[in-house]
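Containing compact mmCIF, C-alpha atoms: coords_7.txt.
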# COMPACT_ATOMS: atom_id res chain seq x y z
CA MET A 1 86.12 100.13 114.27
CA GLU A 2 83.12 100.72 116.45
CA LYS A 3 83.32 98.79 119.70
CA GLU A 4 79.70 98.39 120.62
CA PHE A 5 76.53 98.50 118.59
CA TYR A 6 73.44 96.47 117.76
CA ALA A 7 72.94 94.59 114.54
CA MET A 8 69.58 93.58 113.18
CA SER A 9 70.43 90.71 110.91
CA PHE A 10 68.03 89.43 108.30
CA GLU A 11 67.06 86.06 106.87
CA SER A 12 66.08 87.60 103.54
CA THR A 13 67.60 90.35 101.42
CA HIS A 14 64.19 91.63 100.39
CA TYR A 15 63.03 91.84 103.98
CA ALA A 16 66.24 93.70 104.82
CA ILE A 17 65.61 96.28 102.10
CA MET A 18 62.01 96.73 103.21
CA MET A 19 63.02 97.15 106.85
CA GLU A 20 65.81 99.56 106.02
CA LYS A 21 63.33 101.85 104.23
CA LYS A 22 60.94 101.69 107.12
CA LEU A 23 63.47 102.26 109.88
CA LYS A 24 65.38 104.98 108.06
CA GLU A 25 62.32 107.22 108.05
CA LYS A 26 62.73 107.65 111.81
CA HIS A 27 66.13 106.39 112.89
CA GLU A 28 69.75 106.74 111.88
CA THR A 29 70.45 103.16 110.99
CA ILE A 30 72.78 102.01 108.24
CA MET A 31 72.91 98.84 106.20
CA ILE A 32 76.12 96.90 106.66
CA PRO A 33 77.35 93.43 105.75
CA THR A 34 76.44 91.23 108.70
CA PRO A 35 79.29 91.38 111.25
CA ARG A 36 81.42 88.25 111.38
CA GLU A 37 80.41 87.67 114.99
CA ILE A 38 76.94 86.68 113.76
CA THR A 39 76.94 83.47 111.78
CA ALA A 40 73.29 83.35 110.66
CA SER A 41 71.53 85.65 108.18
CA CYS A 42 71.52 86.50 104.48
CA GLY A 43 74.55 88.71 104.93
CA LEU A 44 72.80 92.01 105.48
CA SER A 45 72.26 93.76 108.78
CA LEU A 46 71.08 97.12 109.95
CA LYS A 47 73.53 98.73 112.30
CA ILE A 48 71.83 100.42 115.23
CA PRO A 49 73.85 102.67 117.55
CA VAL A 50 73.61 101.86 121.26
CA ASN A 51 71.82 105.13 122.06
CA LEU A 52 69.02 104.41 119.55
CA ILE A 53 68.28 100.78 120.32
CA ASP A 54 65.49 101.47 122.82
CA ASN A 55 63.59 103.69 120.39
CA VAL A 56 64.01 101.20 117.56
CA LEU A 57 62.79 98.33 119.74
CA ASN A 58 59.79 100.35 120.85
CA ASP A 59 58.83 100.92 117.23
CA LEU A 60 59.36 97.29 116.32
CA ARG A 61 57.01 96.29 119.12
CA THR A 62 54.23 98.48 117.73
CA TRP A 63 54.79 97.64 114.06
CA ASP A 64 53.51 94.52 112.38
CA VAL A 65 56.83 92.78 111.78
CA ASP A 66 57.67 89.18 111.01
CA THR A 67 60.02 88.25 113.82
CA ASN A 68 61.06 85.07 112.03
CA MET A 69 62.76 87.22 109.43
CA PHE A 70 65.42 88.79 111.62
CA GLY A 71 67.33 88.64 114.86
CA ILE A 72 68.82 91.47 116.89
CA TYR A 73 72.29 91.05 118.31
CA LYS A 74 74.50 93.11 120.53
CA ILE A 75 78.01 93.28 119.11
CA ASP A 76 80.71 93.75 121.72
CA ARG A 77 84.29 94.32 120.60
CA THR A 78 85.54 95.84 123.83
CA LYS A 79 87.07 92.58 125.06
CA GLU A 80 89.87 90.62 123.50
CA GLU A 81 87.40 88.20 121.94
CA SER A 82 84.56 90.02 120.22
CA TYR A 83 81.15 88.41 120.36
CA ALA A 84 77.52 88.76 119.38
CA GLU A 85 74.74 88.13 121.82
CA LYS A 86 71.19 87.67 120.60
CA ILE A 87 68.86 89.87 122.56
CA ILE A 88 65.32 89.04 123.60
CA TRP A 89 63.21 92.09 122.91
CA GLN A 90 59.65 90.88 122.44
CA GLU A 91 57.30 91.18 125.35
CA MET B 1 120.77 110.06 120.35
CA THR B 2 120.84 113.58 121.67
CA ILE B 3 122.43 116.52 119.90
CA LYS B 4 123.85 119.19 122.15
CA VAL B 5 123.68 122.85 121.15
CA ASP B 6 125.75 125.03 123.44
CA ALA B 7 124.56 128.59 122.91
CA ARG B 8 125.86 130.09 126.11
CA GLY B 9 127.24 133.59 125.68
CA MET B 10 125.61 133.95 122.28
CA GLY B 11 123.58 137.02 121.45
CA CYS B 12 120.12 137.06 119.94
CA PRO B 13 119.16 135.45 117.52
CA LYS B 14 122.09 133.00 117.50
CA PRO B 15 120.64 130.45 120.00
CA VAL B 16 117.42 130.25 118.00
CA ILE B 17 119.21 129.81 114.67
CA MET B 18 121.57 127.19 116.07
CA THR B 19 118.65 125.27 117.57
CA LYS B 20 116.65 125.51 114.36
CA ASN B 21 119.57 124.15 112.32
CA ALA B 22 120.03 121.33 114.81
CA ILE B 23 116.32 120.42 114.66
CA GLU B 24 116.43 120.33 110.87
CA ALA B 25 119.47 118.06 110.90
CA ALA B 26 118.28 115.90 113.78
CA GLY B 27 115.67 113.65 112.19
CA LYS B 28 114.45 111.44 114.99
CA ASP B 29 117.07 112.61 117.51
CA SER B 30 116.29 114.91 120.37
CA ILE B 31 118.19 118.10 121.06
CA ILE B 32 119.46 119.87 124.14
CA THR B 33 120.08 123.56 123.79
CA ILE B 34 121.97 125.28 126.59
CA VAL B 35 121.53 129.03 127.05
CA ASP B 36 122.56 131.35 129.82
CA ASN B 37 119.77 133.89 129.89
CA GLU B 38 116.01 133.96 130.18
CA VAL B 39 115.36 135.84 126.93
CA ALA B 40 117.25 133.26 124.88
CA MET B 41 115.47 130.50 126.80
CA GLU B 42 112.05 131.99 125.94
CA ASN B 43 112.98 132.42 122.28
CA VAL B 44 114.18 128.85 121.86
CA LYS B 45 111.06 127.63 123.65
CA LYS B 46 108.88 129.60 121.23
CA LEU B 47 110.76 128.15 118.26
CA ALA B 48 110.24 124.59 119.46
CA ALA B 49 106.54 125.21 120.04
CA LYS B 50 106.20 126.68 116.57
CA LEU B 51 107.74 123.56 115.06
CA ASN B 52 105.46 121.35 117.17
CA PHE B 53 108.22 120.01 119.38
CA ASN B 54 107.92 119.44 123.10
CA VAL B 55 110.25 121.25 125.46
CA GLU B 56 111.42 120.45 128.95
CA ILE B 57 113.45 123.10 130.71
CA GLU B 58 115.89 122.51 133.51
CA LYS B 59 117.82 125.22 135.33
CA LYS B 60 121.38 124.29 136.31
CA ASP B 61 124.04 126.64 137.69
CA GLY B 62 122.34 129.71 136.19
CA ASP B 63 122.12 128.07 132.74
CA PHE B 64 118.96 126.80 131.07
CA TYR B 65 118.96 123.31 129.54
CA LEU B 66 116.16 122.95 127.01
CA SER B 67 115.39 119.37 125.96
CA ILE B 68 113.60 119.50 122.65
CA PHE B 69 111.89 116.37 121.33
CA LYS B 70 109.03 115.17 119.20
CA ASP B 71 106.06 113.94 121.16
CA GLY B 72 106.59 110.19 121.30
CA SER B 73 102.94 109.22 121.35
CA CYS B 74 102.29 111.46 118.39
CA ALA B 75 105.18 110.03 116.39
CA GLU B 76 103.99 106.52 117.20
CA ALA B 77 100.46 107.39 116.16
CA VAL B 78 101.69 108.72 112.85
CA GLU B 79 103.73 105.58 112.30
CA GLU B 80 100.79 103.39 113.24
CA ALA B 81 98.50 105.23 110.85
CA THR B 82 100.89 104.84 107.93
CA ASN B 83 101.37 101.15 108.75
CA ASP B 84 97.65 100.66 108.21
CA ILE B 85 97.87 101.83 104.62
CA GLY B 86 98.54 99.27 101.90
CA ASP B 87 100.05 99.87 98.48
CA TRP B 88 97.16 99.16 96.15
CA ALA B 89 94.38 101.25 94.71
CA ILE B 90 90.69 100.79 94.07
CA LEU B 91 89.07 102.10 90.90
CA VAL B 92 85.34 102.71 91.23
CA CYS B 93 83.55 103.30 87.91
CA ASP B 94 79.97 102.71 89.00
CA ASP B 95 77.72 103.67 91.87
CA LYS B 96 76.44 100.11 92.16
CA LEU B 97 78.28 96.88 92.73
CA GLY B 98 77.93 94.52 89.80
CA ALA B 99 75.29 94.14 87.15
CA GLY B 100 71.79 93.02 88.10
CA ALA B 101 69.01 94.46 90.19
CA GLU B 102 69.67 98.10 91.02
CA ALA B 103 68.42 97.82 94.59
CA LEU B 104 70.84 94.98 95.28
CA GLY B 105 73.74 96.79 93.56
CA ASN B 106 73.12 99.82 95.80
CA ILE B 107 73.13 97.71 98.94
CA LEU B 108 76.25 95.83 97.93
CA ILE B 109 78.29 98.96 97.19
CA LYS B 110 77.35 100.43 100.60
CA GLY B 111 78.35 97.16 102.21
CA TYR B 112 81.60 97.11 100.29
CA PHE B 113 82.68 100.52 101.56
CA TYR B 114 81.61 99.68 105.10
CA ALA B 115 83.64 96.47 105.01
CA LEU B 116 86.63 98.43 103.66
CA THR B 117 86.54 100.65 106.76
CA GLU B 118 86.74 97.49 108.89
CA SER B 119 89.62 95.79 107.09
CA LYS B 120 93.28 96.63 107.51
CA PRO B 121 95.46 97.52 105.78
CA TYR B 122 93.45 100.12 103.94
CA PRO B 123 94.01 100.85 100.25
CA LYS B 124 96.38 103.67 99.42
CA ALA B 125 93.93 105.40 97.14
CA ILE B 126 90.35 105.08 95.91
CA LEU B 127 89.72 106.57 92.49
CA PHE B 128 86.16 107.45 91.46
CA MET B 129 85.36 107.80 87.77
CA ASN B 130 82.27 108.12 85.62
CA CYS B 131 79.16 107.10 87.64
CA GLY B 132 81.48 106.21 90.53
CA ILE B 133 81.52 109.89 91.49
CA ASN B 134 77.91 109.56 92.60
CA LEU B 135 79.40 107.93 95.69
CA THR B 136 81.52 110.94 96.70
CA VAL B 137 78.87 113.61 96.22
CA GLU B 138 75.98 114.88 98.29
CA GLY B 139 73.24 112.31 98.84
CA SER B 140 75.53 109.29 98.56
CA GLU B 141 74.72 106.62 101.09
CA SER B 142 78.35 105.50 101.16
CA LEU B 143 79.60 108.97 102.06
CA GLU B 144 80.17 108.31 105.76
CA HIS B 145 82.23 105.19 105.02
CA ILE B 146 84.33 107.01 102.42
CA LYS B 147 84.89 109.86 104.88
CA THR B 148 86.02 107.32 107.48
CA LEU B 149 88.52 105.91 105.00
CA GLU B 150 89.81 109.40 104.27
CA ASP B 151 90.28 109.99 107.99
CA LYS B 152 92.33 106.79 108.14
CA GLY B 153 94.71 108.22 105.54
CA VAL B 154 93.26 106.80 102.32
CA GLU B 155 93.52 109.18 99.39
CA ILE B 156 90.08 109.82 97.89
CA LEU B 157 90.12 111.18 94.34
CA SER B 158 87.16 111.98 92.11
CA CYS B 159 87.51 112.52 88.36
CA GLY B 160 87.12 116.24 87.59
CA THR B 161 85.93 115.66 84.03
CA CYS B 162 83.20 113.39 85.36
CA LEU B 163 82.09 115.81 88.10
CA ASP B 164 81.90 118.49 85.43
CA PHE B 165 80.01 116.31 82.94
CA TYR B 166 77.34 115.39 85.48
CA ASP B 167 77.35 118.94 86.87
CA LEU B 168 78.24 117.71 90.37
CA LYS B 169 81.42 119.68 91.05
CA SER B 170 79.80 121.81 93.76
CA LYS B 171 78.33 118.70 95.39
CA LEU B 172 81.60 116.89 96.11
CA MET B 173 81.60 115.99 99.81
CA VAL B 174 84.78 113.97 100.35
CA GLY B 175 88.34 113.90 99.05
CA ASN B 176 89.74 115.91 96.18
CA VAL B 177 89.13 116.54 92.50
CA SER B 178 91.67 114.91 90.25
CA ASN B 179 92.55 114.52 86.58
CA MET B 180 93.38 111.60 84.32
CA TYR B 181 97.17 112.06 84.69
CA THR B 182 97.00 111.68 88.46
CA MET B 183 94.59 108.77 88.15
CA VAL B 184 96.96 107.00 85.75
CA GLU B 185 99.92 107.67 88.06
CA LYS B 186 98.05 106.28 91.06
CA MET B 187 97.19 103.14 89.13
CA ASN B 188 100.74 102.73 87.82
CA GLU B 189 102.22 103.17 91.30
CA ALA B 190 99.85 100.63 92.84
CA THR B 191 100.94 97.01 93.22
CA LYS B 192 97.40 96.07 92.20
CA VAL B 193 94.26 97.88 91.22
CA VAL B 194 90.90 96.54 92.30
CA ARG B 195 88.24 97.55 89.81
CA ILE B 196 84.73 97.94 91.16
How would this structure read if it were set down as structure tokens?
Amino acid sequence: MEKEFYAMSFESTHYAIMMEKKLKEKHETIMIPTPREITASCGLSLKIPVNLIDNVLNDLRTWDVDTNMFGIYKIDRTKEESYAEKIIWQE
Amino acid sequence: MTIKVDARGMGCPKPVIMTKNAIEAAGKDSIITIVDNEVAMENVKKLAAKLNFNVEIEKKDGDFYLSIFKDGSCAEAVEEATNDIGDWAILVCDDKLGAGAEALGNILIKGYFYALTESKPYPKAILFMNCGINLTVEGSESLEHIKTLEDKGVEILSCGTCLDFYDLKSKLMVGNVSNMYTMVEKMNEATKVVRI
């Protein structure tokens, strides 16, 4: 089980599929069921490795995305109690 | 428990043979072989290394005491890995999860295999038949998850007839090719079979 990664969790399945297509053209992200640490979302998330998050965020800032449709969380399972922390990434 | 092999005064290859017999009989026990010369000491050491045992050598009164034991951390790791494996099997006969929109079925099957990698204990075996084999061949988006499961000790078997029918035999990327007899055995041995 991966200890640390980012999860982009979606409000809508269709938005998730659209975003997966778009992100996968440039980044190695994979679709996963939304981690249990995150309670919101339609159940789908894109898993973003720690080393790619900056590049992904840079792209998201330049693309025309609907920020109401998803949230980005840092998943940390290094401690006894794993948790998700929503990150603020918009300027 | 420790088994003592006293091979002092024995000529080559007696110390090695005696130690080898003791190792075979020992099971989880460790062994101490005592020899009285350097050549015998080196030979027993080589034998232990060949059988993946650890050796600690102590020199006492001109004799060599070789403690031969399995690496504890390794043995524990093996035990831990086998503890993570359950006794049921999963039969995958499609490359999508459920009937309905194809795009959703594709997403769900990927999610299913990802969630499997995150849930212990793992299944004992995953059997791929008919269109299911699309998941174990080149281009499958679930490949990484299935490889992870294989690394955890899950047996991954793809139906040979199916690979042949769809002309995908050379594209298999994970696990082994299997036949209907093995598939039936795996299902019969399992306490339950989850059909996807």
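Remark: for A:Ile75, the closest of the candidate residues A:Met18, A:Ile87, A:Leu44, A:Leu23 is A:Ile87 (distances computed over all atoms listed in the file).
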Across A:Glu4, A:Ile32, A:His14, A:Lys26, the smallest distance to chain B, with only C-alpha atoms counted, is shown by A:Ile32
One residue among B:Ala22, B:Ala99, B:Ile196, B:Ala7 is nearest to B:Phe64 when using all atoms listed in the file, and that residue is B:Ala7
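Closest to A:Glu20 among A:Arg36, A:Lys47, A:Arg61, A:Lys79 is A:Lys47, based on only C-alpha atoms.
Taking atom CA of B:Pro15 as the reference point, atom CA of B:Met1 is found at 20.4 Å.
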Proximity of chain A to chain B: per-residue shortest pair, 12 Å limit, all atoms listed in the file, as a tab-separated table:
residue	atom	partner	partner_atom	distance
A:Met1	CA	B:Glu118	CA	6.0
A:Glu2	CA	B:Glu118	CA	9.0
A:Lys3	CA	B:Glu118	CA	11.4
A:Thr13	CA	B:Leu104	CA	8.3
A:His14	CA	B:Leu104	CA	9.0
A:Ala16	CA	B:Ile107	CA	9.9
A:Ile17	CA	B:Ala103	CA	8.2
A:Met18	CA	B:Ala103	CA	10.8
A:Glu20	CA	B:Ile107	CA	10.4
A:Lys21	CA	B:Ala103	CA	11.6
A:Lys24	CA	B:Glu141	CA	11.8
A:Glu28	CA	B:Glu141	CA	11.9
A:Thr29	CA	B:Glu141	CA	11.3
A:Ile30	CA	B:Glu141	CA	8.7
A:Met31	CA	B:Gly111	CA	7.0
A:Ile32	CA	B:Gly111	CA	5.0
A:Pro33	CA	B:Gly111	CA	5.2
A:Thr34	CA	B:Gly111	CA	9.0
A:Pro35	CA	B:Ala115	CA	9.2
A:Arg36	CA	B:Ala115	CA	10.6
A:Gly43	CA	B:Gly111	CA	9.7
A:Leu44	CA	B:Gly111	CA	8.2
A:Ser45	CA	B:Gly111	CA	9.6
A:Leu46	CA	B:Gly111	CA	10.6
A:Lys47	CA	B:Tyr114	CA	10.9
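Comparing the minimum interatomic distances between B:Met10 and each of B:Ala25, B:Val55, B:Ala40, B:Ala89, counting all atoms listed in the file, we find that B:Ala40 sits nearest.
Coordinates place atom CA of B:Ile146 at a distance of 24.7 Å from atom CA of A:Phe10.
Shortest atom-to-atom contact with A:Trp89 among A:Met8, A:Thr39, A:Asp76, A:Asn51: A:Met8, counting only C-alpha atoms.
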What separates atom CA of A:Ile72 and atom CA of B:Leu97 is a distance of 26.5 Å
- Task: Would you list the contacts of stretch 135-138 of chain B as a VMD selection string, taking every protein, DNA or RNA residue within 6 Å and counting only C-alpha atoms, but skipping same-chain residues closer than 2 positions in sequence?
- Result: chain B and resid 95 132 to 133 140 171 to 174
Could you put an axis-aligned box around every listed atom of stretch 16-34 of chain B, padded by 4 Å on each side, and send me its centre and edge lengths in Å to one decimal, as lines of an AutoDock Vina configuration file?
center_x = 118.2
center_y = 120.8
center_z = 118.7
size_x = 15.5
size_y = 26.8
size_z = 23.7
| request: Counting only C-alpha atoms, find the residues whose atoms lie at most 12 Å from (117.1, 114.7, 121.9) (file coordinates) and write them out as a ChimeraX atom specification. | output: /B:1-5,19,22-23,25-33,53-56,65-72
